[in-house]
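Visitor: Just so it is clear, I am handing over protein-v8.cif, which has mmCIF, C-alpha atoms.
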data_work
loop_
_atom_site.label_atom_id
_atom_site.label_comp_id
_atom_site.auth_asym_id
_atom_site.auth_seq_id
_atom_site.Cartn_x
_atom_site.Cartn_y
_atom_site.Cartn_z
CA MET U 1 24.60 -166.41 0.63
CA LYS U 2 27.72 -167.41 2.52
CA ARG U 3 29.70 -167.03 -0.68
CA LEU U 4 28.39 -163.47 -1.10
CA ILE U 5 29.28 -162.54 2.47
CA SER U 6 32.78 -163.97 2.06
CA ARG U 7 33.22 -162.03 -1.16
CA ILE U 8 32.11 -158.79 0.53
CA ILE U 9 34.45 -159.38 3.44
CA GLY U 10 37.29 -160.04 1.04
CA ILE U 11 36.57 -156.84 -0.85
CA LEU U 12 36.49 -154.88 2.42
CA VAL U 13 39.80 -156.36 3.49
CA ILE U 14 41.36 -155.47 0.14
CA LEU U 15 40.00 -151.93 0.39
CA ALA U 16 41.31 -151.58 3.95
CA VAL U 17 44.76 -152.80 2.90
CA ALA U 18 44.74 -150.42 -0.07
CA ALA U 19 43.68 -147.53 2.14
CA ALA U 20 46.40 -148.33 4.64
CA ILE U 21 48.98 -148.51 1.85
CA GLY U 22 47.69 -145.21 0.43
CA LEU U 23 47.78 -143.50 3.80
CA ALA U 24 51.32 -144.76 4.31
CA PHE U 25 52.44 -143.06 1.12
CA LEU U 26 50.59 -139.79 1.81
CA PRO U 27 52.79 -136.88 3.03
CA GLN U 28 52.81 -136.73 6.82
CA PRO U 29 52.13 -133.41 8.60
CA VAL U 30 55.32 -131.48 9.25
CA ALA U 31 56.02 -130.55 12.86
CA VAL U 32 56.57 -126.80 13.09
CA GLU U 33 57.13 -124.11 15.69
CA THR U 34 54.63 -121.29 15.65
CA ALA U 35 54.30 -117.74 16.90
CA MET U 36 51.47 -115.24 16.97
CA VAL U 37 51.32 -111.94 15.11
CA VAL U 38 51.06 -109.27 17.81
CA ARG U 39 50.52 -105.54 18.08
CA GLY U 40 52.63 -103.72 20.64
CA PRO U 41 55.54 -101.38 21.29
CA MET U 42 58.66 -101.67 19.16
CA GLN U 43 61.98 -99.89 19.42
CA VAL U 44 64.87 -99.76 16.96
CA THR U 45 68.27 -98.97 18.46
CA VAL U 46 71.89 -98.60 17.46
CA ASP U 47 73.95 -100.64 19.95
CA ASP U 48 77.67 -100.11 20.36
CA ASP U 49 80.42 -99.85 22.94
CA GLY U 50 81.45 -96.46 24.27
CA ARG U 51 83.65 -94.88 26.88
CA THR U 52 83.21 -92.13 29.42
CA ARG U 53 85.30 -89.00 29.44
CA ILE U 54 85.48 -85.87 31.55
CA ARG U 55 83.75 -83.06 29.74
CA GLU U 56 86.20 -80.28 30.60
CA ARG U 57 89.91 -80.92 31.15
CA TYR U 58 92.61 -78.45 32.03
CA ILE U 59 96.39 -78.83 31.78
CA VAL U 60 98.33 -76.59 34.13
CA SER U 61 101.62 -75.59 32.53
CA ALA U 62 104.60 -73.55 33.69
CA PRO U 63 104.04 -69.84 32.92
CA LEU U 64 107.78 -69.08 32.88
CA ALA U 65 111.12 -70.84 32.87
CA GLY U 66 112.64 -71.73 36.23
CA ARG U 67 113.30 -74.43 38.77
CA LEU U 68 110.16 -76.45 39.57
CA GLN U 69 109.80 -77.65 43.16
CA ARG U 70 108.61 -81.21 43.68
CA ILE U 71 104.85 -81.57 43.13
CA GLN U 72 103.20 -83.26 46.10
CA LEU U 73 99.83 -83.98 44.45
CA ARG U 74 98.93 -87.39 43.09
CA ALA U 75 96.26 -88.64 40.71
CA GLY U 76 92.89 -88.61 42.46
CA ASP U 77 93.70 -85.82 44.93
CA ALA U 78 91.03 -83.14 45.27
CA VAL U 79 91.92 -79.55 44.31
CA ASP U 80 90.20 -76.28 45.18
CA SER U 81 90.41 -73.10 43.15
CA THR U 82 90.73 -70.93 46.27
CA SER U 83 93.31 -72.77 48.37
CA THR U 84 95.12 -75.58 46.54
CA SER U 85 98.70 -74.98 45.45
CA ILE U 86 99.55 -77.03 42.36
CA ALA U 87 103.24 -76.20 42.07
CA ARG U 88 105.92 -73.67 42.98
CA ILE U 89 108.56 -72.36 40.61
CA ASP U 90 111.75 -70.46 41.48
CA PRO U 91 112.23 -68.14 38.47
CA SER U 92 115.56 -67.75 36.77
CA ASP U 93 117.76 -64.87 37.88
CA PRO U 94 116.07 -61.74 36.47
CA ALA U 95 119.45 -60.21 35.78
CA LEU U 96 120.13 -62.99 33.30
CA LEU U 97 116.87 -62.45 31.37
CA ASP U 98 117.30 -60.78 28.01
CA ALA U 99 114.92 -58.41 26.28
CA ARG U 100 113.50 -61.22 24.17
CA ALA U 101 112.39 -63.24 27.23
CA ILE U 102 110.77 -60.18 28.76
CA ALA U 103 108.97 -59.39 25.46
CA GLU U 104 107.66 -62.95 25.25
CA THR U 105 106.30 -62.70 28.80
CA GLU U 106 104.61 -59.39 28.01
CA ALA U 107 103.12 -60.96 24.86
CA ARG U 108 101.66 -63.79 26.93
CA VAL U 109 99.97 -61.22 29.16
CA ARG U 110 98.44 -59.43 26.16
CA ARG U 111 97.28 -62.75 24.73
CA ALA U 112 95.69 -63.69 28.06
CA GLU U 113 93.92 -60.31 28.19
CA ALA U 114 92.54 -60.89 24.69
CA ALA U 115 91.40 -64.37 25.71
CA VAL U 116 89.48 -62.89 28.68
CA ARG U 117 87.73 -60.38 26.40
CA ARG U 118 86.86 -63.10 23.90
CA ALA U 119 85.58 -65.39 26.66
CA ALA U 120 83.34 -62.60 27.98
CA THR U 121 81.90 -62.07 24.49
CA ASP U 122 81.29 -65.81 24.03
CA LEU U 123 79.63 -66.01 27.44
CA GLU U 124 77.25 -63.18 26.58
CA ARG U 125 76.41 -64.75 23.22
CA THR U 126 75.73 -68.19 24.73
CA ARG U 127 73.65 -66.55 27.47
CA SER U 128 71.44 -64.96 24.81
CA GLU U 129 71.11 -68.29 23.01
CA LEU U 130 70.18 -69.99 26.30
CA ASP U 131 67.49 -67.38 27.02
CA TYR U 132 66.06 -67.86 23.53
CA ALA U 133 66.07 -71.67 23.88
CA GLU U 134 64.38 -71.40 27.27
CA ALA U 135 61.67 -69.15 25.83
CA GLU U 136 61.15 -71.52 22.89
CA MET U 137 60.81 -74.47 25.27
CA ALA U 138 58.19 -72.65 27.35
CA ARG U 139 56.33 -71.60 24.18
CA ALA U 140 56.31 -75.18 22.86
CA GLN U 141 55.04 -76.49 26.19
CA ARG U 142 52.19 -73.97 26.26
CA ALA U 143 51.30 -74.85 22.67
CA ALA U 144 51.29 -78.56 23.55
CA ASP U 145 48.96 -77.89 26.48
CA ARG U 146 46.52 -76.28 24.04
CA GLY U 147 46.90 -79.13 21.56
CA ALA U 148 48.67 -76.88 19.02
CA ALA U 149 52.03 -78.70 19.16
CA THR U 150 53.10 -82.32 19.11
CA GLN U 151 55.16 -84.07 21.76
CA ARG U 152 58.00 -84.33 19.24
CA GLU U 153 58.12 -80.54 18.92
CA VAL U 154 58.25 -80.26 22.71
CA ASP U 155 61.07 -82.82 22.88
CA LEU U 156 63.05 -80.92 20.23
CA ALA U 157 62.63 -77.67 22.17
CA VAL U 158 63.77 -79.35 25.40
CA THR U 159 66.77 -80.83 23.60
CA ALA U 160 67.70 -77.42 22.18
CA TRP U 161 67.48 -75.92 25.67
CA ARG U 162 69.69 -78.63 27.15
CA SER U 163 72.28 -78.15 24.40
CA ALA U 164 72.25 -74.38 24.94
CA THR U 165 72.72 -74.95 28.69
CA GLU U 166 75.75 -77.15 28.10
CA ILE U 167 77.25 -74.61 25.69
CA TYR U 168 76.69 -71.82 28.21
CA ASN U 169 78.34 -73.81 31.01
CA ALA U 170 81.32 -74.53 28.77
CA ALA U 171 81.64 -70.82 27.93
CA ARG U 172 81.52 -69.92 31.63
CA PHE U 173 84.23 -72.49 32.30
CA GLU U 174 86.37 -71.01 29.52
CA GLN U 175 85.99 -67.54 31.03
CA GLU U 176 87.16 -68.77 34.43
CA ILE U 177 90.17 -70.45 32.83
CA ALA U 178 91.00 -67.33 30.81
CA LYS U 179 90.96 -65.19 33.97
CA PHE U 180 93.22 -67.68 35.76
CA GLU U 181 95.71 -67.68 32.88
CA LEU U 182 95.74 -63.89 32.86
CA GLU U 183 96.55 -63.77 36.57
CA LEU U 184 99.28 -66.34 36.07
CA ALA U 185 100.77 -64.45 33.12
CA ARG U 186 100.79 -61.18 35.06
CA ALA U 187 102.47 -62.87 38.02
CA ALA U 188 105.12 -64.29 35.71
CA LEU U 189 105.67 -60.85 34.18
CA VAL U 190 106.31 -59.25 37.56
CA ARG U 191 108.93 -61.88 38.37
CA SER U 192 110.53 -61.64 34.93
CA ARG U 193 111.30 -57.93 34.91
CA PRO U 194 114.87 -57.07 35.89
CA ASP U 195 113.51 -54.19 37.98
CA GLY U 196 110.71 -56.23 39.57
CA ASN U 197 110.06 -55.24 43.14
CA GLY U 198 109.62 -57.68 45.98
CA ASP U 199 112.06 -59.47 48.27
CA GLU U 200 113.69 -62.81 47.64
CA GLN U 201 110.95 -64.75 49.43
CA ASP U 202 108.31 -63.34 47.06
CA ALA U 203 110.32 -64.38 44.01
CA GLN U 204 108.91 -67.90 44.14
CA LEU U 205 105.90 -68.22 41.83
CA ARG U 206 102.93 -70.16 43.27
CA ILE U 207 100.61 -71.86 40.77
CA GLY U 208 97.11 -72.44 42.12
CA SER U 209 94.29 -74.57 40.80
CA PRO U 210 92.05 -72.94 38.17
CA ILE U 211 89.07 -75.23 38.94
CA ASP U 212 87.44 -77.30 41.66
CA GLY U 213 87.97 -80.96 40.85
CA ARG U 214 90.58 -83.66 41.04
CA VAL U 215 94.04 -84.39 39.72
CA LEU U 216 93.84 -86.68 36.70
CA ARG U 217 97.54 -86.97 35.92
CA VAL U 218 100.85 -85.53 37.06
CA PHE U 219 103.27 -84.98 34.17
CA GLN U 220 106.28 -83.73 36.17
CA GLU U 221 106.65 -85.00 39.73
CA SER U 222 110.29 -84.40 40.61
CA THR U 223 112.24 -81.19 40.97
CA ALA U 224 113.52 -80.05 37.59
CA VAL U 225 114.37 -77.03 35.50
CA VAL U 226 111.41 -76.41 33.20
CA GLN U 227 110.74 -74.10 30.30
CA ALA U 228 107.71 -71.89 29.88
CA GLY U 229 104.75 -73.94 28.62
CA THR U 230 105.91 -77.27 30.12
CA PRO U 231 102.82 -79.34 31.14
CA LEU U 232 102.75 -80.02 34.87
CA VAL U 233 99.36 -81.40 35.94
CA GLU U 234 96.08 -82.34 34.27
CA LEU U 235 92.90 -81.46 36.19
CA GLY U 236 89.21 -82.23 35.77
CA ASP U 237 85.94 -82.97 37.54
CA PRO U 238 85.22 -86.74 37.49
CA ALA U 239 81.54 -86.09 38.25
CA ASP U 240 81.12 -84.07 35.04
CA LEU U 241 81.15 -86.98 32.61
CA GLU U 242 79.93 -87.55 29.06
CA ILE U 243 79.98 -90.63 26.84
CA VAL U 244 81.64 -91.03 23.45
CA VAL U 245 80.34 -93.83 21.23
CA ASP U 246 81.79 -94.42 17.77
CA VAL U 247 79.18 -95.92 15.44
CA LEU U 248 79.16 -96.84 11.78
CA SER U 249 78.55 -93.85 9.51
CA THR U 250 75.52 -95.67 8.05
CA ASP U 251 74.02 -95.75 11.55
CA ALA U 252 75.11 -92.21 12.43
CA VAL U 253 72.93 -90.68 9.70
CA GLN U 254 69.87 -92.09 11.50
CA ILE U 255 70.76 -90.63 14.92
CA GLU U 256 69.34 -87.24 15.84
CA PRO U 257 70.39 -84.93 18.69
CA GLY U 258 68.06 -85.49 21.63
CA ALA U 259 67.66 -89.22 20.98
CA ARG U 260 67.17 -91.30 24.13
CA VAL U 261 69.98 -93.61 25.23
CA SER U 262 70.10 -96.55 27.62
CA ILE U 263 73.49 -97.30 29.19
CA ASP U 264 74.09 -100.92 30.19
CA TYR U 265 76.98 -103.01 31.50
CA TRP U 266 78.82 -100.13 33.15
CA GLY U 267 79.35 -102.07 36.36
CA GLY U 268 76.35 -100.93 38.39
CA GLU U 269 73.09 -102.73 39.02
CA ASP U 270 70.72 -100.18 37.48
CA VAL U 271 70.47 -99.01 33.89
CA LEU U 272 71.58 -95.41 33.33
CA TYR U 273 69.96 -93.06 30.83
CA GLY U 274 71.20 -90.27 28.64
CA ARG U 275 70.48 -88.16 25.56
CA VAL U 276 72.48 -87.54 22.41
CA ARG U 277 73.97 -84.06 22.44
CA LEU U 278 76.03 -84.13 19.26
CA VAL U 279 76.73 -86.31 16.24
CA GLU U 280 80.14 -85.18 15.05
CA PRO U 281 80.12 -84.05 11.40
CA GLN U 282 83.35 -85.81 10.43
CA ALA U 283 83.97 -89.54 10.22
CA PHE U 284 87.24 -91.41 10.67
CA THR U 285 88.59 -94.74 9.50
CA LYS U 286 88.88 -97.57 12.01
CA VAL U 287 90.02 -101.14 11.42
CA SER U 288 87.68 -103.70 12.97
CA ALA U 289 88.77 -106.87 14.80
CA LEU U 290 88.31 -108.75 11.51
CA GLY U 291 90.68 -106.41 9.69
CA VAL U 292 87.95 -104.55 7.79
CA GLU U 293 88.24 -100.79 7.37
CA GLU U 294 85.12 -99.01 8.62
CA GLN U 295 84.00 -95.40 8.59
CA ARG U 296 83.03 -94.48 12.14
CA VAL U 297 81.45 -91.36 13.65
CA ASN U 298 81.65 -90.17 17.26
CA VAL U 299 78.32 -89.63 19.03
CA ILE U 300 78.45 -87.53 22.22
CA ILE U 301 75.95 -88.45 24.95
CA ASP U 302 75.05 -86.57 28.13
CA PHE U 303 73.95 -88.37 31.29
CA ILE U 304 70.43 -87.79 32.55
CA ASN U 305 71.11 -89.51 35.88
CA PRO U 306 72.78 -87.30 38.51
CA PRO U 307 76.34 -88.11 39.63
CA GLU U 308 74.94 -89.65 42.82
CA ASP U 309 73.57 -92.56 40.76
CA ARG U 310 77.03 -93.37 39.37
CA PRO U 311 79.58 -92.43 42.07
CA THR U 312 82.13 -95.06 41.04
CA LEU U 313 82.00 -94.36 37.29
CA GLY U 314 85.17 -92.56 36.23
CA ASP U 315 87.02 -91.25 33.23
CA GLY U 316 87.69 -93.68 30.37
CA PHE U 317 85.37 -96.42 31.67
CA ARG U 318 83.70 -98.78 29.19
CA VAL U 319 79.92 -98.79 28.77
CA GLU U 320 77.39 -100.19 26.30
CA ALA U 321 74.98 -97.69 24.79
CA ARG U 322 71.65 -98.36 23.06
CA ILE U 323 70.65 -95.28 21.06
CA VAL U 324 66.98 -95.13 20.10
CA ILE U 325 66.50 -94.13 16.45
CA TRP U 326 62.81 -95.07 16.13
CA ASP U 327 60.00 -96.31 18.35
CA ASP U 328 56.23 -96.73 18.30
CA ASP U 329 53.71 -98.09 20.79
CA GLU U 330 51.30 -99.66 18.24
CA VAL U 331 53.22 -101.82 15.78
CA VAL U 332 52.11 -105.05 14.11
CA GLN U 333 55.19 -107.26 14.34
CA VAL U 334 56.47 -110.78 13.80
CA PRO U 335 59.70 -112.57 14.74
CA THR U 336 62.37 -112.11 12.09
CA SER U 337 62.94 -115.88 12.18
CA ALA U 338 59.59 -116.30 10.36
CA LEU U 339 60.65 -114.20 7.35
CA PHE U 340 62.08 -115.54 4.10
CA ARG U 341 62.59 -114.20 0.60
CA THR U 342 60.70 -115.46 -2.42
CA GLY U 343 60.51 -113.82 -5.81
CA GLY U 344 62.33 -110.75 -4.52
CA ALA U 345 59.71 -110.13 -1.80
CA TRP U 346 59.30 -110.99 1.85
CA ALA U 347 56.94 -113.82 2.82
CA VAL U 348 55.81 -115.91 5.78
CA TYR U 349 53.89 -119.16 6.24
CA VAL U 350 50.50 -118.60 7.87
CA ILE U 351 48.66 -121.57 9.43
CA GLU U 352 45.11 -121.87 8.10
CA GLY U 353 43.40 -124.92 9.54
CA ASP U 354 46.08 -127.59 9.44
CA ARG U 355 47.96 -126.28 6.40
CA ALA U 356 50.78 -123.86 5.80
CA ILE U 357 49.84 -121.07 3.40
CA ARG U 358 52.57 -118.87 1.96
CA ARG U 359 51.72 -115.19 2.08
CA HIS U 360 53.67 -112.19 0.80
CA ILE U 361 53.95 -109.28 3.23
CA THR U 362 55.43 -105.78 3.36
CA ILE U 363 57.80 -105.08 6.25
CA GLY U 364 59.20 -101.87 7.67
CA ARG U 365 61.62 -101.40 10.55
CA GLN U 366 63.61 -104.33 11.86
CA THR U 367 65.36 -105.09 15.10
CA GLY U 368 67.50 -108.09 15.80
CA LEU U 369 64.47 -110.18 16.83
CA HIS U 370 61.33 -108.58 15.37
CA ALA U 371 60.15 -106.89 12.18
CA GLN U 372 57.38 -104.38 11.60
CA VAL U 373 54.60 -105.62 9.31
CA LYS U 374 53.03 -102.86 7.22
CA GLN U 375 50.76 -105.05 5.10
CA GLY U 376 49.74 -108.70 4.78
CA LEU U 377 49.12 -109.87 8.34
CA GLU U 378 46.69 -109.18 11.16
CA PRO U 379 47.24 -109.51 14.91
CA GLY U 380 46.24 -112.92 16.24
CA GLU U 381 47.23 -114.95 13.17
CA GLN U 382 49.55 -117.93 13.65
CA ILE U 383 52.76 -118.05 11.62
CA ILE U 384 55.57 -120.57 11.34
CA ILE U 385 58.99 -119.64 12.68
CA HIS U 386 62.18 -121.28 11.45
CA PRO U 387 60.40 -122.90 8.45
CA GLY U 388 62.48 -125.84 7.19
CA ASP U 389 62.78 -127.38 3.75
CA GLY U 390 59.82 -129.66 4.47
CA VAL U 391 57.39 -126.75 4.75
CA GLU U 392 55.71 -125.89 1.44
CA ASP U 393 52.71 -123.90 0.35
CA GLY U 394 49.60 -125.97 1.18
CA ARG U 395 51.51 -128.62 3.14
CA ARG U 396 49.80 -130.11 6.18
CA VAL U 397 51.50 -129.17 9.42
CA ARG U 398 51.16 -129.84 13.12
CA ARG U 399 52.24 -127.58 15.94
CA ARG U 400 54.99 -128.74 18.21
CA PRO U 401 54.18 -128.54 21.92
#
Kindly present the structure from the file in structure tokens form.

Guide:
Amino acid sequence: MKRLISRIIGILVILAVAAAIGLAFLPQPVAVETAMVVRGPMQVTVDDDGRTRIRERYIVSAPLAGRLQRIQLRAGDAVDSTSTSIARIDPSDPALLDARAIAETEARVRRAEAAVRRAATDLERTRSELDYAEAEMARAQRAADRGAATQREVDLAVTAWRSATEIYNAARFEQEIAKFELELARAALVRSRPDGNGDEQDAQLRIGSPIDGRVLRVFQESTAVVQAGTPLVELGDPADLEIVVDVLSTDAVQIEPGARVSIDYWGGEDVLYGRVRLVEPQAFTKVSALGVEEQRVNVIIDFINPPEDRPTLGDGFRVEARIVIWDDDEVVQVPTSALFRTGGAWAVYVIEGDRAIRRHITIGRQTGLHAQVKQGLEPGEQIIIHPGDGVEDGRRVRRRP
């Protein structure tokens, strides 16, 4: 009996040793990091650097040849269209003017008159387009209230109205400039005629400001003899800013007018917002920092925030823009670090019990961190992120804390 018990104990010891040896050679569970498949909002953006610029600029030039008096204005000075004097010019002696100079001055007057007529026509046309866009926006809003139009159709109508408003404001600005240039050309003509009336004190030509704004740059500060057309001062309104962002042409084809934009890293604490007004139709070649030639396209963005929210933002300042090209509030998504390619298709490792199971999936939109899952996964499932070489289909795994 004792011999039988000893034999059984020996067999059990041998089996225990064999089991221990077998367990030692079995593959150990691989420690992995996991994430959960979720359903939530997702947004795809085109991110790039941009710069601000004043929407409307105006260069004041000399309307006739003469001696320019020293310009007292400096960059940043405020100008007013009713009272500010930009420069003063003492015209050349009218007796020394030939018929050609007088004819050129008269031609400038006729050209300025034609510009005023053209500006009036453009203003009337843009006013009609603005009225139509406003009516379309109201019609789309009423249809949306009845459930007969989608929010996207309303957004497109609002974008069209905003674009028409900007075009109308630009046309009105052009009309004001055309009228100013006509007045300046007529004043130059009076002082250029040999038989021009007026005493010697009235011979000096005063050049006023065509707009309300600020001086951006002074081209000619000191007293000098200038020719007709010489640039003197550049003017603009620093509060009337827009943003220019040059993006890759492959990204530009996905951007639509009216797209929402977030503006970061401009120097202020809060994020600014804007909308795309125009994607320019022509690309240009730009050499990247790595020496690679790229085809870039300018995207013009209007601010939504009023100037009071960005009082220190000026012309030519750097900003970072995130242009939304697609978004959805109900998207099944996974981290892009969980994706890998196998057999020409996308796949992930799903944890079922304590094992990693490879599963092929269909993905859609991608951001830098997440990818849309169209088929193959359900919210709440656990997947492996950053799968290493030790992770295989059916391999036992354990979650890292």

Visitor: Taking all atoms listed in the file into account, name the residue in U:Arg162, U:Arg51, U:Lys374, U:Arg186 that is nearest to U:Pro63.

Guide: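 Under the stated criterion, the closest residue is U:Arg186.
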
Visitor: Convert the output of the PyMOL selection byres ((chain U and resi 361) around 9) on the shown file into explicit residues, formatted as a list in words.

Guide: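 Selected by the PyMOL selection byres ((chain U and resi 361) around 9) here: Ala345, Trp346, Ala347, Val348, Arg359, His360, Thr362, Ile363, Val373, Lys374, Gln375, Gly376 and Leu377 of chain U.
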
Visitor: May I ask for the distance between atom CA of U:Arg398 and atom CA of U:Ala35, given in Å to one decimal place?

Guide: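 Atom CA of U:Arg398 sits 13.1 Å away from atom CA of U:Ala35.
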
Visitor: What residues have an atom no more than 9 Å from (53.8, -111.8, 14.4) in the file's own frame, counting only C-alpha atoms, and can you write them as a PyMOL selection string?

Guide: chain U and resi 35-39+332-336+338+370-373+377-383

Visitor: Contacts of U:Gly66 at 10 Å or less, counting only C-alpha atoms, minus same-chain residues fewer than 3 places along, as an NGL selection string?

Guide: :U and (62-63 or 69 or 88-93 or 204-205 or 224-228)

Visitor: Could the residues in this selection be saved with C-alpha atoms as a short mmCIF file (atom, residue, chain, number, x, y, z; two decimals), in the coordinates of the input?

Guide:
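To be explicit, this is the file written out as result_2.cif:
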data_model
loop_
_atom_site.label_atom_id
_atom_site.label_comp_id
_atom_site.auth_asym_id
_atom_site.auth_seq_id
_atom_site.Cartn_x
_atom_site.Cartn_y
_atom_site.Cartn_z
CA ALA U 62 104.60 -73.55 33.69
CA PRO U 63 104.04 -69.84 32.92
CA GLN U 69 109.80 -77.65 43.16
CA ARG U 88 105.92 -73.67 42.98
CA ILE U 89 108.56 -72.36 40.61
CA ASP U 90 111.75 -70.46 41.48
CA PRO U 91 112.23 -68.14 38.47
CA SER U 92 115.56 -67.75 36.77
CA ASP U 93 117.76 -64.87 37.88
CA GLN U 204 108.91 -67.90 44.14
CA LEU U 205 105.90 -68.22 41.83
CA ALA U 224 113.52 -80.05 37.59
CA VAL U 225 114.37 -77.03 35.50
CA VAL U 226 111.41 -76.41 33.20
CA GLN U 227 110.74 -74.10 30.30
CA ALA U 228 107.71 -71.89 29.88
#

Visitor: How many Å separate atom CA of U:Ile211 from atom CA of U:Asp237?

Guide: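 Interatomic distance, atom CA of U:Ile211 to atom CA of U:Asp237: 8.5 Å.
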
Visitor: On this structure, which residues satisfy the PyMOL selection byres ((chain U and resi 220) around 10), written as a PDB file with C-alpha atoms, keeping the file's coordinate frame?

Guide:
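Here's the written file selection_23.pdb:
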ATOM      1  CA  LEU U  68     110.160 -76.450  39.570  1.00  0.00           C
ATOM      2  CA  GLN U  69     109.800 -77.650  43.160  1.00  0.00           C
ATOM      3  CA  ARG U  70     108.610 -81.210  43.680  1.00  0.00           C
ATOM      4  CA  ILE U  71     104.850 -81.570  43.130  1.00  0.00           C
ATOM      5  CA  ARG U 217      97.540 -86.970  35.920  1.00  0.00           C
ATOM      6  CA  VAL U 218     100.850 -85.530  37.060  1.00  0.00           C
ATOM      7  CA  PHE U 219     103.270 -84.980  34.170  1.00  0.00           C
ATOM      8  CA  GLU U 221     106.650 -85.000  39.730  1.00  0.00           C
ATOM      9  CA  SER U 222     110.290 -84.400  40.610  1.00  0.00           C
ATOM     10  CA  THR U 223     112.240 -81.190  40.970  1.00  0.00           C
ATOM     11  CA  ALA U 224     113.520 -80.050  37.590  1.00  0.00           C
ATOM     12  CA  VAL U 226     111.410 -76.410  33.200  1.00  0.00           C
ATOM     13  CA  THR U 230     105.910 -77.270  30.120  1.00  0.00           C
ATOM     14  CA  PRO U 231     102.820 -79.340  31.140  1.00  0.00           C
ATOM     15  CA  LEU U 232     102.750 -80.020  34.870  1.00  0.00           C
ATOM     16  CA  VAL U 233      99.360 -81.400  35.940  1.00  0.00           C
TER      17      VAL U 233
END

Visitor: May I ask which of the residues U:Gln72, U:Arg322, U:Arg118, U:Phe340 is the closest one to U:Asp389, counting all atoms listed in the file?

Guide: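 Nearest candidate to U:Asp389 out of U:Gln72, U:Arg322, U:Arg118, U:Phe340: U:Phe340.
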
Visitor: How many Å separate atom CA of U:Ala87 from atom CA of U:Ala114?

Guide: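 Interatomic distance here is 25.5 Å.
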
Visitor: Ranking U:Gln366, U:Thr52, U:Thr45, U:Gln28 by minimum distance to U:Asp251 and counting all atoms listed in the file, which one comes first?

Guide: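 Counting all atoms listed in the file, the residue closest to U:Asp251 is U:Thr45.
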
Visitor: Can I get the residues of stretch 117-201 of chain U within 9 Å of stretch 257-267 of chain U, each with the closest pair of atoms and their distance in Å to one decimal, using all atoms listed in the file, sorted chain first then ascending number, as CSV?

Guide:
residue,atom,partner,partner_atom,distance
U:Asp155,CA,U:Gly258,CA,7.6
U:Leu156,CA,U:Gly258,CA,6.9
U:Val158,CA,U:Gly258,CA,8.4
U:Thr159,CA,U:Gly258,CA,5.2
U:Ala160,CA,U:Gly258,CA,8.1
U:Arg162,CA,U:Gly258,CA,9.0
U:Ser163,CA,U:Gly258,CA,8.9

Visitor: Set up a box along x, y and z of the file covering all listed atoms of stretch 313-319 of chain U, add 8 Å on every one of the six sides, and write the centre and edge lengths in Å to one decimal, as JSON.

Guide:
{"center_x": 83.8, "center_y": -95.0, "center_z": 33.0, "size_x": 23.8, "size_y": 23.5, "size_z": 24.5}

Visitor: For U:Ile357, find every residue with an atom within 9 Å (counting all atoms listed in the file), except residues of its own chain fewer than 2 positions away, and show them as JSON, numbers by chain.

Guide: {"U": [348, 349, 350, 351, 352, 355, 359, 392, 393, 394, 395]}

Visitor: Can you take stretch 111-122 of chain U from the block and write C-alpha atoms as an mmCIF file, in the first residue's frame?

Guide:
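Below you can see result-v4.cif, which holds the result:
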data_model
loop_
_atom_site.group_PDB
_atom_site.id
_atom_site.type_symbol
_atom_site.label_atom_id
_atom_site.label_comp_id
_atom_site.auth_asym_id
_atom_site.auth_seq_id
_atom_site.Cartn_x
_atom_site.Cartn_y
_atom_site.Cartn_z
ATOM 1 C CA ARG U 111 -10.666 109.010 -67.905
ATOM 2 C CA ALA U 112 -11.729 109.896 -64.356
ATOM 3 C CA GLU U 113 -15.204 110.839 -65.606
ATOM 4 C CA ALA U 114 -15.497 107.477 -67.361
ATOM 5 C CA ALA U 115 -14.353 105.718 -64.192
ATOM 6 C CA VAL U 116 -17.113 107.476 -62.201
ATOM 7 C CA ARG U 117 -19.748 106.364 -64.723
ATOM 8 C CA ARG U 118 -18.442 102.795 -64.674
ATOM 9 C CA ALA U 119 -18.357 102.762 -60.866
ATOM 10 C CA ALA U 120 -21.980 103.934 -60.739
ATOM 11 C CA THR U 121 -23.000 101.129 -63.108
ATOM 12 C CA ASP U 122 -21.104 98.533 -61.058
#
